[in-house]
Every structure is written in structure tokens, then in C-alpha cells.
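Engineer: Structure: coords20.cif, mmCIF, C-alpha atoms.
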data_query
#
loop_
_atom_site.label_atom_id
_atom_site.label_comp_id
_atom_site.auth_asym_id
_atom_site.auth_seq_id
_atom_site.Cartn_x
_atom_site.Cartn_y
_atom_site.Cartn_z
CA SER A 1 -42.55 -27.73 -1.52
CA GLN A 2 -45.36 -29.95 -0.36
CA GLN A 3 -47.00 -28.96 2.86
CA GLY A 4 -50.04 -30.34 4.54
CA GLU A 5 -52.86 -27.96 5.23
CA GLU A 6 -54.71 -28.32 8.48
CA ASP A 7 -58.11 -27.12 9.46
CA PRO A 8 -59.32 -25.57 11.49
CA GLN A 9 -56.42 -23.23 12.25
CA ALA A 10 -57.82 -22.77 15.73
CA LEU A 11 -60.38 -24.73 17.75
CA SER A 12 -61.86 -23.94 21.15
CA ILE A 13 -64.04 -26.53 22.89
CA GLN A 14 -65.42 -27.30 26.31
CA GLU A 15 -63.60 -29.79 28.50
CA GLY A 16 -65.07 -33.25 27.99
CA GLU A 17 -66.04 -32.63 24.36
CA ASN A 18 -64.36 -34.29 21.40
CA ALA A 19 -61.93 -32.41 19.15
CA THR A 20 -61.41 -33.21 15.49
CA MET A 21 -58.57 -31.83 13.38
CA ASN A 22 -58.08 -32.45 9.68
CA CYS A 23 -54.98 -32.57 7.50
CA SER A 24 -54.77 -32.58 3.72
CA TYR A 25 -51.67 -33.17 1.65
CA LYS A 26 -50.66 -33.06 -1.98
CA THR A 27 -48.68 -36.11 -3.09
CA SER A 28 -48.37 -39.81 -2.30
CA ILE A 29 -46.97 -40.57 1.12
CA ASN A 30 -45.23 -43.39 2.97
CA ASN A 31 -46.81 -42.47 6.28
CA LEU A 32 -48.38 -39.61 8.18
CA GLN A 33 -47.51 -38.62 11.74
CA TRP A 34 -49.30 -36.42 14.26
CA TYR A 35 -47.46 -34.31 16.82
CA ARG A 36 -48.40 -32.10 19.76
CA GLN A 37 -46.52 -28.97 20.78
CA ASN A 38 -47.13 -27.15 24.03
CA SER A 39 -46.36 -23.41 24.10
CA GLY A 40 -43.45 -23.41 21.64
CA ARG A 41 -41.66 -26.32 23.27
CA GLY A 42 -40.43 -29.53 21.62
CA LEU A 43 -42.75 -31.77 19.68
CA VAL A 44 -44.32 -34.84 21.22
CA HIS A 45 -44.97 -37.69 18.81
CA LEU A 46 -48.57 -38.91 19.09
CA ILE A 47 -49.17 -41.49 16.42
CA LEU A 48 -47.94 -42.74 13.03
CA ILE A 49 -50.24 -44.20 10.40
CA ARG A 50 -48.84 -45.91 7.33
CA SER A 51 -50.19 -45.45 3.83
CA ASN A 52 -51.73 -48.94 3.82
CA GLU A 53 -53.59 -48.33 7.08
CA ARG A 54 -56.97 -46.64 7.38
CA GLU A 55 -57.39 -46.16 11.11
CA LYS A 56 -55.32 -46.31 14.30
CA HIS A 57 -56.10 -45.81 17.95
CA SER A 58 -53.95 -44.82 20.88
CA GLY A 59 -55.70 -44.13 24.16
CA ARG A 60 -58.07 -41.20 23.56
CA LEU A 61 -56.64 -40.60 20.09
CA ARG A 62 -58.11 -41.91 16.86
CA VAL A 63 -56.45 -41.22 13.53
CA THR A 64 -57.90 -41.96 10.12
CA LEU A 65 -56.20 -41.85 6.74
CA ASP A 66 -57.91 -41.62 3.36
CA THR A 67 -55.25 -41.84 0.67
CA SER A 68 -57.79 -41.42 -2.13
CA LYS A 69 -58.69 -38.00 -0.73
CA LYS A 70 -55.15 -37.32 0.52
CA SER A 71 -56.46 -36.47 3.95
CA SER A 72 -56.20 -37.52 7.57
CA SER A 73 -58.07 -36.66 10.73
CA LEU A 74 -57.12 -36.70 14.39
CA LEU A 75 -59.89 -37.18 16.93
CA ILE A 76 -59.27 -36.53 20.62
CA THR A 77 -62.10 -37.87 22.74
CA ALA A 78 -63.15 -36.61 26.18
CA SER A 79 -60.82 -33.61 26.00
CA ARG A 80 -58.92 -32.37 29.05
CA ALA A 81 -57.30 -29.05 29.91
CA ALA A 82 -53.90 -30.68 29.38
CA ASP A 83 -54.81 -31.26 25.70
CA THR A 84 -54.48 -27.52 25.09
CA ALA A 85 -51.65 -27.31 22.54
CA SER A 86 -50.85 -26.97 18.86
CA TYR A 87 -51.27 -30.12 16.78
CA PHE A 88 -49.34 -30.77 13.58
CA CYS A 89 -49.56 -33.42 10.91
CA ALA A 90 -46.38 -34.38 9.08
CA THR A 91 -46.14 -36.42 5.91
CA ASP A 92 -43.27 -38.70 4.94
CA TYR A 93 -43.26 -38.54 1.16
CA SER A 94 -39.68 -39.35 0.15
CA SER A 95 -37.21 -42.22 0.21
CA ALA A 96 -34.94 -40.04 2.35
CA SER A 97 -37.24 -40.12 5.42
CA LYS A 98 -37.88 -36.40 5.15
CA ILE A 99 -41.17 -35.24 6.63
CA ILE A 100 -43.07 -32.08 5.80
CA PHE A 101 -45.25 -30.38 8.38
CA GLY A 102 -48.73 -29.00 8.04
CA SER A 103 -49.71 -25.56 9.18
CA GLY A 104 -51.03 -26.75 12.54
CA THR A 105 -54.20 -26.45 14.60
CA ARG A 106 -54.24 -24.53 17.89
CA LEU A 107 -56.54 -26.34 20.27
CA SER A 108 -57.86 -24.66 23.41
CA ILE A 109 -59.86 -26.56 26.01
CA ARG A 110 -62.17 -24.40 28.13
CA PRO A 111 -62.77 -25.54 31.72
CA SER Z 1 -37.98 -44.40 21.03
CA ALA Z 2 -35.03 -42.02 21.25
CA VAL Z 3 -34.11 -39.46 23.89
CA ILE Z 4 -32.73 -36.27 22.40
CA SER Z 5 -31.11 -33.34 24.16
CA GLN Z 6 -30.18 -29.95 22.78
CA LYS Z 7 -27.85 -27.25 24.02
CA PRO Z 8 -28.38 -24.42 24.63
CA SER Z 9 -32.09 -24.47 25.41
CA ARG Z 10 -32.30 -20.78 24.65
CA ASP Z 11 -30.03 -17.85 23.87
CA ILE Z 12 -30.13 -14.15 23.13
CA CYS Z 13 -27.54 -13.06 20.58
CA GLN Z 14 -26.41 -9.90 18.88
CA ARG Z 15 -26.77 -9.51 15.15
CA GLY Z 16 -23.69 -10.44 13.17
CA THR Z 17 -22.59 -13.14 15.59
CA SER Z 18 -22.89 -16.93 15.23
CA LEU Z 19 -24.38 -19.59 17.50
CA THR Z 20 -23.71 -23.32 17.47
CA ILE Z 21 -26.50 -25.62 18.64
CA GLN Z 22 -25.72 -29.15 19.76
CA CYS Z 23 -27.96 -32.20 19.44
CA GLN Z 24 -27.19 -35.42 21.33
CA VAL Z 25 -29.12 -38.70 20.98
CA ASP Z 26 -29.04 -41.57 23.46
CA SER Z 27 -28.64 -44.22 20.73
CA GLN Z 28 -27.05 -44.53 17.32
CA VAL Z 29 -29.33 -43.27 14.57
CA THR Z 30 -28.87 -43.13 10.84
CA MET Z 31 -31.13 -40.22 9.98
CA MET Z 32 -30.83 -36.88 11.75
CA PHE Z 33 -32.50 -33.64 10.70
CA TRP Z 34 -32.57 -29.95 11.60
CA TYR Z 35 -35.74 -27.85 11.54
CA ARG Z 36 -36.59 -24.20 12.05
CA GLN Z 37 -39.83 -22.92 13.53
CA GLN Z 38 -40.34 -19.21 13.12
CA PRO Z 39 -42.64 -17.42 15.59
CA GLY Z 40 -46.23 -18.58 15.22
CA GLN Z 41 -45.35 -20.82 12.27
CA SER Z 42 -45.02 -24.49 11.50
CA LEU Z 43 -41.74 -26.35 11.18
CA THR Z 44 -39.53 -26.09 8.10
CA LEU Z 45 -36.83 -28.61 7.30
CA ILE Z 46 -33.39 -27.00 7.02
CA ALA Z 47 -31.22 -30.00 6.18
CA THR Z 48 -30.44 -33.66 6.66
CA ALA Z 49 -27.29 -34.16 8.71
CA ASN Z 50 -25.30 -36.96 7.07
CA GLN Z 51 -22.68 -38.84 9.04
CA GLY Z 52 -19.31 -38.65 7.36
CA SER Z 53 -20.40 -36.40 4.51
CA GLU Z 54 -21.80 -32.96 3.82
CA ALA Z 55 -25.33 -32.17 4.93
CA THR Z 56 -28.15 -32.12 2.38
CA TYR Z 57 -29.88 -28.73 2.41
CA GLU Z 58 -33.45 -27.92 1.47
CA SER Z 59 -34.37 -25.19 -0.94
CA GLY Z 60 -33.79 -21.78 0.62
CA PHE Z 61 -31.09 -22.94 3.05
CA VAL Z 62 -27.36 -22.83 2.34
CA ILE Z 63 -24.26 -24.23 3.98
CA ASP Z 64 -22.62 -20.84 4.48
CA LYS Z 65 -25.54 -19.68 6.62
CA PHE Z 66 -26.28 -22.98 8.39
CA PRO Z 67 -23.16 -25.15 8.53
CA ILE Z 68 -23.85 -28.58 9.99
CA SER Z 69 -21.53 -31.19 11.43
CA ARG Z 70 -22.28 -34.88 12.05
CA PRO Z 71 -19.12 -36.48 13.41
CA ASN Z 72 -20.83 -39.70 14.57
CA LEU Z 73 -24.20 -41.46 14.79
CA THR Z 74 -25.27 -39.83 18.07
CA PHE Z 75 -24.29 -36.18 17.69
CA SER Z 76 -24.77 -33.21 15.38
CA THR Z 77 -24.33 -29.45 15.48
CA LEU Z 78 -26.08 -26.65 13.60
CA THR Z 79 -24.47 -23.23 13.41
CA VAL Z 80 -26.53 -20.15 12.65
CA SER Z 81 -24.02 -17.76 11.10
CA ASN Z 82 -23.95 -13.99 10.82
CA MET Z 83 -27.29 -13.76 12.57
CA SER Z 84 -29.98 -11.18 11.94
CA PRO Z 85 -33.28 -10.63 13.77
CA GLU Z 86 -34.99 -12.72 11.05
CA ASP Z 87 -33.12 -15.75 12.40
CA SER Z 88 -35.05 -15.53 15.67
CA SER Z 89 -36.74 -18.93 15.80
CA ILE Z 90 -36.87 -22.25 17.56
CA TYR Z 91 -34.36 -24.69 16.10
CA LEU Z 92 -35.09 -28.38 16.55
CA CYS Z 93 -33.21 -31.53 15.72
CA SER Z 94 -35.00 -34.76 15.00
CA VAL Z 95 -34.02 -38.38 14.45
CA GLU Z 96 -35.62 -41.36 12.85
CA ALA Z 97 -36.10 -43.90 15.59
CA PRO Z 98 -34.09 -47.11 15.54
CA GLY Z 99 -35.54 -50.57 15.90
CA ASP Z 100 -39.23 -51.42 15.85
CA ASP Z 101 -40.16 -47.76 15.87
CA GLN Z 102 -38.52 -47.17 12.52
CA GLU Z 103 -40.11 -44.39 10.45
CA THR Z 104 -41.17 -42.48 13.55
CA GLN Z 105 -39.35 -39.20 13.94
CA TYR Z 106 -38.62 -37.91 17.42
CA PHE Z 107 -37.75 -34.35 18.22
CA GLY Z 108 -35.45 -32.65 20.66
CA PRO Z 109 -36.77 -29.98 23.05
CA GLY Z 110 -35.61 -27.19 20.74
CA THR Z 111 -33.32 -24.19 21.07
CA ARG Z 112 -35.12 -20.86 21.31
CA LEU Z 113 -33.01 -18.16 19.68
CA LEU Z 114 -33.61 -14.43 19.89
CA VAL Z 115 -31.43 -12.15 17.80
CA LEU Z 116 -31.31 -8.47 18.73
#
Starting from the file, lay out its structure as C-alpha cells.

Structural biologist:
Amino acid sequence: SQQGEEDPQALSIQEGENATMNCSYKTSINNLQWYRQNSGRGLVHLILIRSNEREKHSGRLRVTLDTSKKSSSLLITASRAADTASYFCATDYSSASKIIFGSGTRLSIRP
Amino acid sequence: SAVISQKPSRDICQRGTSLTIQCQVDSQVTMMFWYRQQPGQSLTLIATANQGSEATYESGFVIDKFPISRPNLTFSTLTVSNMSPEDSSIYLCSVEAPGDDQETQYFGPGTRLLVL
């Protein structure tokens, strides 16, 4: 089944720096969503970008989508300790609203 | 958005037993899904819970192992049957948000299951 691949698998940066995570997928999509998960808890929805959109912003988050390359990136600016979490992309590729998750990036923010 | 609750939040079970997980949403939703997240892994879709009809299962998941009920538009249950240690995972329900938020999927807090 389709699954997005994310890189890097793990990222450790200094507080205040920017963090960039990338997601690649295999087939055409309706939209792509980014989620955050803290320590194996529930997922927090961050942002949704539709297939006809190229860039979206939400606070310190910037998401880009390149459908020709079947890839997306999530940029977190001015990182904080509270941003430490796993980040997942999820692609909606069907008419049945089913989404498929990427492998995830574990982000650690060093104080 | 949608507010989703799950019960239980966690459980420790003996192999061979079954556990039923409940998912409650604060508004009526059409689409409801169940996911599994094995330790250190990403999320895998188990099935779509259909109101008034049988659930639609993904490849690798079967009704006998994961029976699902969806009696109305705000509630669903997932049963993990005849459990083995390999079933130790976090189980999450999700819904497609109603209204202007449509297409966004929101997730419950998850049920952390450990099978001994």
C-alpha cells in the first residue's frame, strides 16, 4: 500500500533554530496533512494542504507541496523545547477519505 | 474541529482474551476510522467504520480479529480478539471533521494496549 516516506528519520537541533522535515509519496493525492505526536500520545493535527495549493502558513509552521515531485516539506521556525515530538505526514489519496501515514520524523530540540 | 474520547486509555491484558475499545465523538460525523500504531512505528489503517453496515477492512486485517461496531454517527467500538503479545500497540480512532473543516482528520487520544 502507498506510504509516504519521511526524511530525516530523526533530527536534533538547537532551540531557536529552524527544523525542516520532508515527505515523499507515490501516487496522486487529494490533500496532505501534517500531524504531531508527543511521546506515543494522540495525534495533533497541524495543517492540511490541498493538491491545488503550493504553500500554507500557520503560526511558526510553513508547509509546501510540490505535486510534480510528489513531495512536501514542513518547516518549523524558531524552534522551542515544546516542539520535541514525532511528526508525520499523511496523504489522502482515495475517494473514501482514507489517509496513509508516512514513516515519521523524530524531532528533538536541545536547550 | 471534533473532540474525540476513547476508553480505556490503557490496559494490560492476558493473551487469549479480548478487549473492546470505545470511541465517542462530540458531533455527528460520516467518516470514522480505526488505526493501529505498533511500538516505534507509524500508523496503519485497520478499517473504516461504516454506520449501519459492516466495516471496510484494509489488507491484512480481518473482521474475526478486529470486529467493529458503528451503531450511530457519534460512536464506534473496536474489539481486539484472541489477543497475543503482537497485538500490543496504540489503537486510535479518527474522524473526518464536519463543516468547514471537511477533509481534516482528527484523532482520539489513543488506547495503549499491552498483551502479556

Engineer: Between CA of Ser84 in chain Z and CA of Glu58 in chain Z, what distance in Å does the model show, to one decimal?

Structural biologist: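 Those two atoms sit 20.0 Å apart.
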
Engineer: Could you spell out the hits of the PyMOL selection byres ((chain A) within 9 of (chain Z)) on the shown file, as a ChimeraX atom specification?

Structural biologist: /A:1,31,33,40-45,47-48,88,92,96-104

Engineer: Take the PyMOL selection byres ((chain Z and resi 87) around 12), run it mentally on this structure, and tell me the resulting residues as an MDAnalysis selection string.

Structural biologist: chainID Z and resid 12:19 36:39 61 65:66 79:86 88:91 112:116

Engineer: Could you save those same residues with C-alpha atoms as a PDB file, in the coordinates of the input?

Structural biologist:
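What landed in part.pdb:
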ATOM      1  CA  ILE Z  12     -30.130 -14.150  23.130  1.00  0.00           C
ATOM      2  CA  CYS Z  13     -27.540 -13.060  20.580  1.00  0.00           C
ATOM      3  CA  GLN Z  14     -26.410  -9.900  18.880  1.00  0.00           C
ATOM      4  CA  ARG Z  15     -26.770  -9.510  15.150  1.00  0.00           C
ATOM      5  CA  GLY Z  16     -23.690 -10.440  13.170  1.00  0.00           C
ATOM      6  CA  THR Z  17     -22.590 -13.140  15.590  1.00  0.00           C
ATOM      7  CA  SER Z  18     -22.890 -16.930  15.230  1.00  0.00           C
ATOM      8  CA  LEU Z  19     -24.380 -19.590  17.500  1.00  0.00           C
ATOM      9  CA  ARG Z  36     -36.590 -24.200  12.050  1.00  0.00           C
ATOM     10  CA  GLN Z  37     -39.830 -22.920  13.530  1.00  0.00           C
ATOM     11  CA  GLN Z  38     -40.340 -19.210  13.120  1.00  0.00           C
ATOM     12  CA  PRO Z  39     -42.640 -17.420  15.590  1.00  0.00           C
ATOM     13  CA  PHE Z  61     -31.090 -22.940   3.050  1.00  0.00           C
ATOM     14  CA  LYS Z  65     -25.540 -19.680   6.620  1.00  0.00           C
ATOM     15  CA  PHE Z  66     -26.280 -22.980   8.390  1.00  0.00           C
ATOM     16  CA  THR Z  79     -24.470 -23.230  13.410  1.00  0.00           C
ATOM     17  CA  VAL Z  80     -26.530 -20.150  12.650  1.00  0.00           C
ATOM     18  CA  SER Z  81     -24.020 -17.760  11.100  1.00  0.00           C
ATOM     19  CA  ASN Z  82     -23.950 -13.990  10.820  1.00  0.00           C
ATOM     20  CA  MET Z  83     -27.290 -13.760  12.570  1.00  0.00           C
ATOM     21  CA  SER Z  84     -29.980 -11.180  11.940  1.00  0.00           C
ATOM     22  CA  PRO Z  85     -33.280 -10.630  13.770  1.00  0.00           C
ATOM     23  CA  GLU Z  86     -34.990 -12.720  11.050  1.00  0.00           C
ATOM     24  CA  SER Z  88     -35.050 -15.530  15.670  1.00  0.00           C
ATOM     25  CA  SER Z  89     -36.740 -18.930  15.800  1.00  0.00           C
ATOM     26  CA  ILE Z  90     -36.870 -22.250  17.560  1.00  0.00           C
ATOM     27  CA  TYR Z  91     -34.360 -24.690  16.100  1.00  0.00           C
ATOM     28  CA  ARG Z 112     -35.120 -20.860  21.310  1.00  0.00           C
ATOM     29  CA  LEU Z 113     -33.010 -18.160  19.680  1.00  0.00           C
ATOM     30  CA  LEU Z 114     -33.610 -14.430  19.890  1.00  0.00           C
ATOM     31  CA  VAL Z 115     -31.430 -12.150  17.800  1.00  0.00           C
ATOM     32  CA  LEU Z 116     -31.310  -8.470  18.730  1.00  0.00           C
TER      33      LEU Z 116
END

Engineer: So what does the PyMOL selection byres ((chain Z and resi 27) around 9) actually pick up in this one, as a list in words?

Structural biologist: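 Expected selection for the PyMOL selection byres ((chain Z and resi 27) around 9) here is Ala2, Val3, Gln24, Val25, Asp26, Gln28, Val29, Leu73, Thr74 and Pro98 of chain Z.
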
Engineer: Counting all atoms listed in the file, find the residues whose atoms lie at most 8 Å from (-55.2, -27.1, 5.8) (file coordinates) and write them out as a ChimeraX atom specification.

Structural biologist: /A:4-9,22-24,102-104

Engineer: Quick one: everything within 8 Å of Tyr87 in chain A, counting all atoms listed in the file, minus sequence neighbours fewer than 6 positions away in the same chain. Send it as a VMD selection string.

Structural biologist: chain A and resid 34 to 37 104 to 107

Engineer: Find the residue from A:Leu61, A:Ala10, A:Leu46, A:Ser86 that sits nearest to Leu74 in chain A; use all atoms listed in the file when measuring.

Structural biologist: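 Result for the nearest residue to Leu74 in chain A: A:Leu61.
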
Engineer: If you measure from CA of Ser12 in chain A to CA of Glu55 in chain A, what distance in Å do you get, rounded to one decimal?

Structural biologist: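 Between CA of Ser12 in chain A and CA of Glu55 in chain A the gap works out to 24.8 Å.
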
Engineer: So how many Å separate CA of Tyr57 in chain Z and CA of Ser95 in chain A, to one decimal?

Structural biologist: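 Distance between the two atoms: 15.5 Å.
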